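Asks: Please find structure.pdb (PDB, C-alpha atoms) on the next line:
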ATOM      1  CA  MET A   1      -4.842  35.164 -26.668
ATOM      2  CA  LEU A   2      -7.346  36.708 -29.106
ATOM      3  CA  LEU A   3     -10.573  34.826 -29.798
ATOM      4  CA  ALA A   4      -9.620  34.131 -33.439
ATOM      5  CA  THR A   5      -6.156  32.977 -32.418
ATOM      6  CA  ARG A   6      -7.590  30.746 -29.701
ATOM      7  CA  ARG A   7      -9.969  29.112 -32.159
ATOM      8  CA  PHE A   8      -7.111  28.599 -34.605
ATOM      9  CA  HIS A   9      -5.012  27.010 -31.835
ATOM     10  CA  THR A  10      -7.900  24.755 -30.756
ATOM     11  CA  LEU A  11      -8.479  23.611 -34.333
ATOM     12  CA  PHE A  12      -4.882  22.684 -35.074
ATOM     13  CA  ASN A  13      -4.409  21.138 -31.649
ATOM     14  CA  SER A  14      -7.098  18.590 -32.458
ATOM     15  CA  SER A  15      -6.023  14.974 -32.945
ATOM     16  CA  TRP A  16      -8.371  14.787 -35.933
ATOM     17  CA  VAL A  17      -6.453  17.549 -37.710
ATOM     18  CA  ALA A  18      -3.191  15.698 -37.094
ATOM     19  CA  PHE A  19      -4.780  12.474 -38.346
ATOM     20  CA  LEU A  20      -6.194  14.080 -41.501
ATOM     21  CA  GLY A  21      -2.862  15.810 -42.171
ATOM     22  CA  ALA A  22      -1.004  12.508 -41.899
ATOM     23  CA  VAL A  23      -3.534  10.764 -44.149
ATOM     24  CA  ALA A  24      -3.278  13.552 -46.760
ATOM     25  CA  SER A  25       0.536  13.298 -46.767
ATOM     26  CA  ILE A  26       0.413   9.524 -47.170
ATOM     27  CA  ILE A  27      -2.144   9.685 -49.991
ATOM     28  CA  SER A  28       0.030  12.230 -51.804
ATOM     29  CA  LEU A  29       3.061   9.982 -51.472
ATOM     30  CA  VAL A  30       1.135   6.930 -52.693
ATOM     31  CA  TRP A  31      -0.221   8.856 -55.680
ATOM     32  CA  PHE A  32       3.254  10.152 -56.562
ATOM     33  CA  ALA A  33       4.655   6.594 -56.267
ATOM     34  CA  TYR A  34       1.897   5.318 -58.565
ATOM     35  CA  LEU A  35       2.800   7.889 -61.212
ATOM     36  CA  GLU A  36       6.508   7.005 -60.956
ATOM     37  CA  ILE A  37       5.847   3.255 -61.259
ATOM     38  CA  ASN A  38       3.875   3.814 -64.450
ATOM     39  CA  GLN A  39       6.917   5.519 -65.983
ATOM     40  CA  GLY A  40       9.038   2.374 -65.838
ATOM     41  CA  PRO A  41      11.579   0.506 -63.648
ATOM     42  CA  GLN A  42      14.237   3.250 -64.078
ATOM     43  CA  HIS A  43      12.462   5.109 -61.282
ATOM     44  CA  ALA A  44      13.034   2.331 -58.749
ATOM     45  CA  LEU A  45      15.218   4.575 -56.546
ATOM     46  CA  TRP A  46      12.410   7.084 -56.316
ATOM     47  CA  ILE A  47      10.061   4.325 -55.281
ATOM     48  CA  VAL A  48      12.408   3.228 -52.478
ATOM     49  CA  LEU A  49      12.752   6.807 -51.258
ATOM     50  CA  LEU A  50       8.996   7.244 -51.348
ATOM     51  CA  GLY A  51       8.601   4.048 -49.308
ATOM     52  CA  VAL A  52      10.964   5.445 -46.680
ATOM     53  CA  CYS A  53       9.070   8.747 -46.653
ATOM     54  CA  PHE A  54       5.779   6.885 -46.364
ATOM     55  CA  THR A  55       7.012   5.014 -43.285
ATOM     56  CA  PHE A  56       8.402   8.195 -41.737
ATOM     57  CA  PHE A  57       5.209  10.214 -42.223
ATOM     58  CA  LEU A  58       3.068   7.360 -40.945
ATOM     59  CA  GLY A  59       5.160   7.032 -37.786
ATOM     60  CA  ALA A  60       5.306  10.803 -37.283
ATOM     61  CA  GLY A  61       1.538  11.056 -37.689
ATOM     62  CA  ILE A  62       0.856   8.330 -35.129
ATOM     63  CA  TYR A  63       3.345   9.850 -32.673
ATOM     64  CA  THR A  64       1.845  13.331 -33.119
ATOM     65  CA  ILE A  65      -1.621  12.012 -32.346
ATOM     66  CA  LYS A  66      -0.299  10.285 -29.219
ATOM     67  CA  VAL A  67       1.446  13.460 -28.014
ATOM     68  CA  ARG A  68      -1.707  15.511 -28.576
ATOM     69  CA  GLN A  69      -3.730  12.980 -26.590
ATOM     70  CA  GLU A  70      -1.208  13.134 -23.723
ATOM     71  CA  ASN A  71      -1.286  16.935 -23.729
ATOM     72  CA  ARG A  72      -5.067  16.839 -23.529
ATOM     73  CA  GLU A  73      -4.908  14.406 -20.594
ATOM     74  CA  PHE A  74      -2.373  16.654 -18.829
ATOM     75  CA  ARG A  75      -4.712  19.627 -19.123
ATOM     76  CA  LYS A  76      -7.609  17.554 -17.808
ATOM     77  CA  PHE A  77      -5.444  16.324 -14.928
ATOM     78  CA  MET A  78      -5.037  19.864 -13.571
ATOM     79  CA  ALA A  79      -8.667  19.711 -12.421
ATOM     80  CA  THR A  80      -8.023  16.310 -10.794
ATOM     81  CA  LEU A  81      -4.940  17.625  -9.021
ATOM     82  CA  HIS A  82      -6.950  20.568  -7.731
ATOM     83  CA  GLN A  83      -9.640  18.190  -6.470
ATOM     84  CA  ILE A  84      -7.070  16.094  -4.589
ATOM     85  CA  ASN A  85      -5.711  19.136  -2.773
ATOM     86  CA  HIS A  86      -9.275  20.343  -2.212
ATOM     87  CA  GLU A  87     -10.162  17.086  -0.433
ATOM     88  CA  TYR A  88      -7.013  17.216   1.707
ATOM     89  CA  ARG A  89      -7.857  20.791   2.684
ATOM     90  CA  ASP A  90     -11.476  20.051   3.575
ATOM     91  CA  THR A  91     -10.593  17.018   5.678
ATOM     92  CA  LEU A  92      -7.877  18.892   7.580
ATOM     93  CA  SER A  93     -10.184  21.856   8.100
ATOM     94  CA  ALA A  94     -12.856  19.562   9.512
ATOM     95  CA  ALA A  95     -10.309  17.933  11.807
ATOM     96  CA  PHE A  96      -8.748  21.096  13.217
ATOM     97  CA  LYS A  97     -11.334  23.852  12.856
ATOM     98  CA  PHE A  98     -14.747  22.210  13.066
ATOM     99  CA  LYS A  99     -16.205  19.800  15.590
ATOM    100  CA  PRO A 100     -18.910  17.164  15.065
ATOM    101  CA  ALA A 101     -22.482  18.380  15.478
ATOM    102  CA  SER A 102     -23.012  16.831  18.920
ATOM    103  CA  PRO A 103     -21.387  18.824  21.777
ATOM    104  CA  ASN A 104     -21.351  15.719  23.989
ATOM    105  CA  ILE A 105     -19.170  13.574  21.737
ATOM    106  CA  SER A 106     -16.366  11.786  23.576
ATOM    107  CA  PRO A 107     -12.675  12.094  22.612
ATOM    108  CA  GLU A 108     -12.690   8.433  21.585
ATOM    109  CA  SER A 109     -15.676   8.945  19.290
ATOM    110  CA  TYR A 110     -14.091  12.061  17.831
ATOM    111  CA  ILE A 111     -10.874  10.160  17.049
ATOM    112  CA  LYS A 112     -12.976   7.442  15.396
ATOM    113  CA  TYR A 113     -14.672  10.145  13.350
ATOM    114  CA  LEU A 114     -11.280  11.488  12.220
ATOM    115  CA  GLU A 115     -10.016   7.997  11.334
ATOM    116  CA  GLU A 116     -13.053   7.389   9.127
ATOM    117  CA  TRP A 117     -12.583  10.688   7.312
ATOM    118  CA  GLU A 118      -8.876  10.038   6.858
ATOM    119  CA  GLU A 119      -9.523   6.658   5.244
ATOM    120  CA  LYS A 120     -12.328   8.051   3.075
ATOM    121  CA  THR A 121     -10.077  10.869   1.842
ATOM    122  CA  ILE A 122      -7.146   8.570   1.112
ATOM    123  CA  LYS A 123      -9.359   6.148  -0.838
ATOM    124  CA  GLY A 124     -10.660   9.022  -2.945
ATOM    125  CA  VAL A 125      -7.108  10.174  -3.678
ATOM    126  CA  CYS A 126      -6.110   6.635  -4.710
ATOM    127  CA  GLN A 127      -9.008   6.498  -7.160
ATOM    128  CA  LYS A 128      -8.019   9.806  -8.767
ATOM    129  CA  ILE A 129      -4.355   8.815  -9.078
ATOM    130  CA  ALA A 130      -5.387   5.512 -10.683
ATOM    131  CA  GLU A 131      -7.570   7.359 -13.192
ATOM    132  CA  PHE A 132      -4.613   9.527 -14.155
ATOM    133  CA  TYR A 133      -2.187   6.634 -14.686
ATOM    134  CA  SER A 134      -4.826   4.638 -16.554
ATOM    135  CA  ALA A 135      -5.422   7.565 -18.916
ATOM    136  CA  PHE A 136      -1.728   8.007 -19.705
ATOM    137  CA  THR A 137      -0.767   4.349 -19.984
ATOM    138  CA  HIS A 138      -3.962   3.398 -21.875
ATOM    139  CA  CYS A 139      -4.470   0.401 -19.605
ATOM    140  CA  LYS A 140      -6.136  -0.243 -16.266
ATOM    141  CA  CYS A 141      -3.939   0.737 -13.306
ATOM    142  CA  THR A 142      -4.499   0.099  -9.617
ATOM    143  CA  VAL A 143      -3.169   2.358  -6.853
ATOM    144  CA  THR A 144      -2.607   1.052  -3.330
ATOM    145  CA  ILE A 145      -1.391   2.514  -0.050
ATOM    146  CA  LYS A 146       0.316   0.094   2.306
ATOM    147  CA  LEU A 147       1.051   1.200   5.861
ATOM    148  CA  SER A 148       4.071   0.005   7.814
ATOM    149  CA  LYS A 149       3.924  -1.637  11.215
ATOM    150  CA  GLN A 150       6.247  -3.358  13.665
ATOM    151  CA  VAL A 151       5.445  -6.805  15.033
ATOM    152  CA  GLU A 152       7.872  -8.286  17.571
ATOM    153  CA  GLY A 153      10.764  -6.307  16.151
ATOM    154  CA  ARG A 154      10.003  -7.210  12.526
ATOM    155  CA  SER A 155       8.764  -4.791   9.837
ATOM    156  CA  PHE A 156       5.620  -5.454   7.821
ATOM    157  CA  CYS A 157       3.274  -3.507   5.586
ATOM    158  CA  SER A 158      -0.375  -4.128   4.810
ATOM    159  CA  SER A 159      -2.984  -2.543   2.558
ATOM    160  CA  TYR A 160      -4.748   0.502   3.972
ATOM    161  CA  ALA A 161      -6.536   1.886   0.925
ATOM    162  CA  ARG A 162      -6.936   0.918  -2.714
ATOM    163  CA  SER A 163      -8.369   2.599  -5.800
ATOM    164  CA  GLU A 164     -10.537  -0.437  -6.526
ATOM    165  CA  GLU A 165     -13.415  -1.292  -4.204
ATOM    166  CA  ASN A 166     -13.846  -4.966  -3.260
ATOM    167  CA  CYS A 167     -10.633  -5.864  -5.053
ATOM    168  CA  LYS A 168     -10.165  -9.604  -5.529
ATOM    169  CA  ARG A 169      -6.538  -9.464  -4.399
ATOM    170  CA  ASP A 170      -7.679  -8.355  -0.921
ATOM    171  CA  THR A 171      -9.289 -11.767  -0.408
ATOM    172  CA  TRP A 172      -6.020 -13.655  -0.960
ATOM    173  CA  ALA A 173      -3.207 -14.297   1.475
ATOM    174  CA  PRO A 174      -0.937 -12.911   2.642
ATOM    175  CA  LYS A 175      -2.385  -9.792   4.205
ATOM    176  CA  ASP A 176       0.932  -8.621   5.664
ATOM    177  CA  PHE A 177       4.157  -8.354   3.658
ATOM    178  CA  GLU A 178       7.515  -8.581   5.359
ATOM    179  CA  VAL A 179       9.932  -5.729   4.699
ATOM    180  CA  ASN A 180      13.744  -5.672   4.602
ATOM    181  CA  THR A 181      14.116  -9.440   4.656
ATOM    182  CA  GLY A 182      14.437 -10.105   0.925
ATOM    183  CA  ARG A 183      10.981 -11.642   0.700
ATOM    184  CA  ASN A 184       9.428  -8.635  -1.092
ATOM    185  CA  THR A 185      11.842  -7.030  -3.525
ATOM    186  CA  ALA A 186       9.714  -3.985  -4.417
ATOM    187  CA  PHE A 187       9.380  -2.755  -0.831
ATOM    188  CA  ASP A 188      13.006  -3.462   0.034
ATOM    189  CA  LYS A 189      14.331  -1.528  -2.981
ATOM    190  CA  ALA A 190      11.894   1.347  -2.500
ATOM    191  CA  LEU A 191      13.287   1.934   0.993
ATOM    192  CA  LEU A 192      16.895   2.223  -0.175
ATOM    193  CA  TYR A 193      17.953   5.841   0.344
ATOM    194  CA  SER A 194      19.636   7.706  -2.492
ATOM    195  CA  ALA A 195      20.674  11.356  -2.292
ATOM    196  CA  ALA A 196      20.910  11.692  -6.081
ATOM    197  CA  THR A 197      17.662  10.042  -7.183
ATOM    198  CA  ILE A 198      14.170   9.271  -5.911
ATOM    199  CA  SER A 199      13.939   6.254  -3.646
ATOM    200  CA  HIS A 200      11.682   3.874  -5.535
ATOM    201  CA  PHE A 201      11.166   0.530  -7.211
ATOM    202  CA  HIS A 202      10.229   0.372 -10.886
ATOM    203  CA  SER A 203       9.818  -2.453 -13.363
ATOM    204  CA  TRP A 204       8.633  -2.355 -16.961
ATOM    205  CA  ASP A 205       7.960  -6.097 -16.786
ATOM    206  CA  LEU A 206       8.192  -7.961 -13.484
ATOM    207  CA  THR A 207       8.209 -11.343 -15.210
ATOM    208  CA  THR A 208      11.645 -10.547 -16.664
ATOM    209  CA  GLU A 209      13.194  -9.302 -13.401
ATOM    210  CA  GLU A 210      15.983 -11.498 -12.086
ATOM    211  CA  ASN A 211      15.812 -12.401  -8.389
ATOM    212  CA  TYR A 212      12.420 -10.708  -7.975
ATOM    213  CA  ARG A 213      10.690 -11.955  -4.831
ATOM    214  CA  ASN A 214       7.072 -11.550  -3.785
ATOM    215  CA  GLU A 215       5.278 -13.283  -0.929
ATOM    216  CA  ARG A 216       2.078 -13.406  -2.976
ATOM    217  CA  ASP A 217       2.471 -16.562  -5.082
ATOM    218  CA  ASN A 218      -0.006 -15.579  -7.801
ATOM    219  CA  TRP A 219       1.201 -11.977  -8.212
ATOM    220  CA  SER A 220       1.689 -12.293 -11.999
ATOM    221  CA  ASN A 221      -2.070 -12.868 -12.395
ATOM    222  CA  ILE A 222      -2.685  -9.441 -10.812
ATOM    223  CA  TYR A 223       0.113  -7.192 -12.080
ATOM    224  CA  LYS A 224       3.162  -7.399 -14.313
ATOM    225  CA  SER A 225       4.472  -3.834 -14.075
ATOM    226  CA  ALA A 226       4.744  -1.621 -10.999
ATOM    227  CA  ILE A 227       6.136   1.482  -9.324
ATOM    228  CA  VAL A 228       6.543   1.671  -5.547
ATOM    229  CA  VAL A 229       7.657   4.755  -3.599
ATOM    230  CA  PRO A 230       7.943   5.182   0.176
ATOM    231  CA  ILE A 231       5.660   7.485   2.153
ATOM    232  CA  ARG A 232       8.247   8.895   4.525
ATOM    233  CA  SER A 233      10.502  11.695   5.678
ATOM    234  CA  VAL A 234      14.293  11.270   5.738
ATOM    235  CA  ASN A 235      16.921  13.123   7.755
ATOM    236  CA  PRO A 236      20.197  12.408   5.880
ATOM    237  CA  GLU A 237      22.273  13.547   8.858
ATOM    238  CA  LYS A 238      20.775  10.850  11.067
ATOM    239  CA  LEU A 239      20.664   7.927   8.637
ATOM    240  CA  GLY A 240      21.350   4.647  10.364
ATOM    241  CA  THR A 241      19.616   5.775  13.567
ATOM    242  CA  HIS A 242      16.014   5.512  14.726
ATOM    243  CA  GLU A 243      15.449   9.172  13.832
ATOM    244  CA  GLY A 244      16.973   8.880  10.361
ATOM    245  CA  SER A 245      13.778   7.887   8.581
ATOM    246  CA  ASP A 246      10.111   8.088   9.479
ATOM    247  CA  ASP A 247       8.525   5.396   7.293
ATOM    248  CA  ILE A 248       4.728   5.507   7.229
ATOM    249  CA  GLY A 249       4.263   3.126   4.325
ATOM    250  CA  PHE A 250       4.277   2.804   0.540
ATOM    251  CA  LEU A 251       2.365   4.236  -2.405
ATOM    252  CA  CYS A 252       2.106   1.738  -5.272
ATOM    253  CA  VAL A 253       0.754   1.765  -8.819
ATOM    254  CA  ASP A 254       0.591  -1.432 -10.878
ATOM    255  CA  THR A 255      -0.951  -2.871 -14.017
ATOM    256  CA  LEU A 256      -1.225  -6.166 -15.867
ATOM    257  CA  ALA A 257       0.152  -4.482 -19.005
ATOM    258  CA  THR A 258       3.915  -4.329 -19.564
ATOM    259  CA  GLN A 259       6.143  -1.529 -20.911
ATOM    260  CA  ARG A 260       3.625   1.138 -19.865
ATOM    261  CA  LEU A 261       4.809   2.576 -16.537
ATOM    262  CA  ASN A 262       8.004   4.547 -17.184
ATOM    263  CA  ASN A 263      10.885   5.213 -14.792
ATOM    264  CA  THR A 264      11.000   8.987 -15.338
ATOM    265  CA  TRP A 265       8.050  11.334 -14.790
ATOM    266  CA  HIS A 266       5.721   8.502 -13.738
ATOM    267  CA  VAL A 267       8.031   7.925 -10.765
ATOM    268  CA  GLU A 268       8.405  11.670 -10.075
ATOM    269  CA  LEU A 269       4.647  12.145 -10.019
ATOM    270  CA  LEU A 270       4.002   9.179  -7.732
ATOM    271  CA  ALA A 271       6.704  10.409  -5.341
ATOM    272  CA  SER A 272       5.080  13.849  -5.216
ATOM    273  CA  PHE A 273       1.756  12.240  -4.276
ATOM    274  CA  ALA A 274       3.545  10.218  -1.588
ATOM    275  CA  ASP A 275       5.013  13.417  -0.086
ATOM    276  CA  GLN A 276       1.527  14.956   0.016
ATOM    277  CA  MET A 277       0.199  11.850   1.759
ATOM    278  CA  TYR A 278       2.989  11.903   4.314
ATOM    279  CA  ASN A 279       2.103  15.441   5.409
ATOM    280  CA  PHE A 280      -1.634  14.710   5.381
ATOM    281  CA  LEU A 281      -1.285  11.543   7.473
ATOM    282  CA  CYS A 282       1.115  13.216   9.910
ATOM    283  CA  LEU A 283      -1.320  16.077  10.473
ATOM    284  CA  MET A 284      -4.313  13.775  10.871
ATOM    285  CA  ARG A 285      -2.471  11.532  13.327
ATOM    286  CA  GLY A 286      -0.951  14.293  15.432
ATOM    287  CA  ARG A 287       2.654  13.737  14.402
ATOM    288  CA  TYR A 288       2.953  17.426  13.588
ATOM    289  CA  SER A 289       2.546  19.626  16.645
ATOM    290  CA  MET A 290       3.574  23.242  17.068
ATOM    291  CA  LYS A 291       3.565  22.839  20.851
ATOM    292  CA  GLY A 292       5.809  19.809  20.582
ATOM    293  CA  ALA A 293       8.215  21.624  18.255
ATOM    294  CA  LEU A 294       8.419  24.603  20.631
ATOM    295  CA  ALA A 295       9.003  22.296  23.600
ATOM    296  CA  ALA A 296      11.808  20.485  21.744
ATOM    297  CA  ALA A 297      13.395  23.811  20.788
ATOM    298  CA  ALA A 298      13.271  24.943  24.421
ATOM    299  CA  LEU A 299      15.080  21.787  25.505
ATOM    300  CA  VAL A 300      17.839  22.374  22.945
ATOM    301  CA  HIS A 301      18.416  25.921  24.164
TER     302      HIS A 301
END
Output the file's structure in the form of C-alpha cells.
Replies:
Amino acid sequence: MLLATRRFHTLFNSSWVAFLGAVASIISLVWFAYLEINQGPQHALWIVLLGVCFTFFLGAGIYTIKVRQENREFRKFMATLHQINHEYRDTLSAAFKFKPASPNISPESYIKYLEEWEEKTIKGVCQKIAEFYSAFTHCKCTVTIKLSKQVEGRSFCSSYARSEENCKRDTWAPKDFEVNTGRNTAFDKALLYSAATISHFHSWDLTTEENYRNERDNWSNIYKSAIVVPIRSVNPEKLGTHEGSDDIGFLCVDTLATQRLNNTWHVELLASFADQMYNFLCLMRGRYSMKGALAAAALVH
C-alpha cells in the first residue's frame, strides 16, 4: 500500500470520521425536515420519511463506530496472541533445553521449578485472555482454569489459575466442584461430546437458565454470563472407554454483565486457547513422550 493510500485508509478507518459523518448526515436530515415543516402540513409524509431516515442513519452510525472499534481491538489482539505463544515457547524451551543454574539441583527440586514456571505461565495467559474478552464485551471479564481430579472414584475440578490476583471468590466455599453428577451444570454440559459442534457451555444470562445448578450458592453475585470449554483430547473411536477422553480440566470466562458473551466466535476462540493449554500442560507434565510413543508402536507391531 502506497504511503498516501495508507494515510487515506487510516483517516477513514477512524471512529471519529465515522462519528462526524453520522452527525453530518443527521444534521442535514434535521435541517431538511425543518424546511419542510415550515412549508405546511401537506408535507407530513416527507416528515415521517425523514424521521425513518434519521433513525436509520443514527443506528448505522452507532453500529459503524462499534465495528471500527472491534476491528481496532482485533488488530491489537494479534500482539497479545503472539505474546501468549511467546510465553509458551520460552517456558517449554526452559523446561526441555535449559537447566537451572546450579548443577547440583535434585530431580525433585527441578520438578518443583518446572511446576512454578508452569503455573506462572498459565496465570499470565489467563490475564491476557481476560483482557481480550473485556475489550470486546466492554465489561470486566474473569478467566479461570480449573483442573480435574479423581477422589475415591468421583470427579471434581478446582481452580488452578485465574486472571485476577487475590480474587474474592477464592476465599469462599466450595473449593472443589463435583462433575457429572448434575450439581454443576456448566461443567457437565461442557463435557458432552459433539462431533458437529464444539463441546462447551454458554449462557447469555445464567439467571434465566432453567434447571441451572451451581454448588456455589452466591454465584449470581460473581457472574451472570459464562462460557466453559473442556481442556482435553478426545478419541471418537474409543468414546465410552477410559481412553476415549483425556480430560485435564476446564477453561472458563465469565462476567457480571449479561448479553455480552456470544455463542459463536467467543466460544471458538476460547476453545482454541483450551487446545493450546492442553498441549502445553501435556508437554510440561510429561504426558507427551517420543520414547513412549515409539515403545507403544513397537508393541503394536
Asks: Given the choices A:Val151, A:Ile231, A:Leu261, A:Ile122, which gets closest to A:Ile84 if the distance is worked out from all atoms listed in the file?
Replies: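 Under the stated criterion, the closest residue is A:Ile122.
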Asks: Specify the axis-aligned box that encloses all atoms of stretch 273-292 of chain A listed in the file after padding of 6 Å on each side, stating its centre and edge lengths in Å to one decimal as AutoDock Vina command-line options.
Replies:
--center_x 0.7 --center_y 16.7 --center_z 8.3 --size_x 22.1 --size_y 25.0 --size_z 37.1
Asks: What is the atom CA of A:Ala271 to atom CA of A:Val234 distance in Å?
Replies: 13.5 Å
Asks: Expand the PyMOL selection byres ((chain A and resi 170-185) around 8) into the individual residues it matches in the shown file, reporting them as a list of chain:residue names.
Replies: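 Applying the PyMOL selection byres ((chain A and resi 170-185) around 8) to the structure shown produces A:Arg154, A:Ser155, A:Phe156, A:Cys157, A:Ser158, A:Ser159, A:Asn166, A:Cys167, A:Lys168, A:Arg169, A:Ala186, A:Phe187, A:Asp188, A:Lys189, A:Tyr212, A:Arg213, A:Asn214, A:Glu215, A:Arg216.
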Asks: Show which residues sit within 10 Å of stretch 235-244 of chain A, as a list in words. Count all atoms listed in the file, and ignore same-chain residues fewer than 2 positions away.
Replies: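 After dropping sequence-adjacent residues, the list is Tyr193, Ser194, Ala195, Ser233, Asp246 and Asp247 of chain A.
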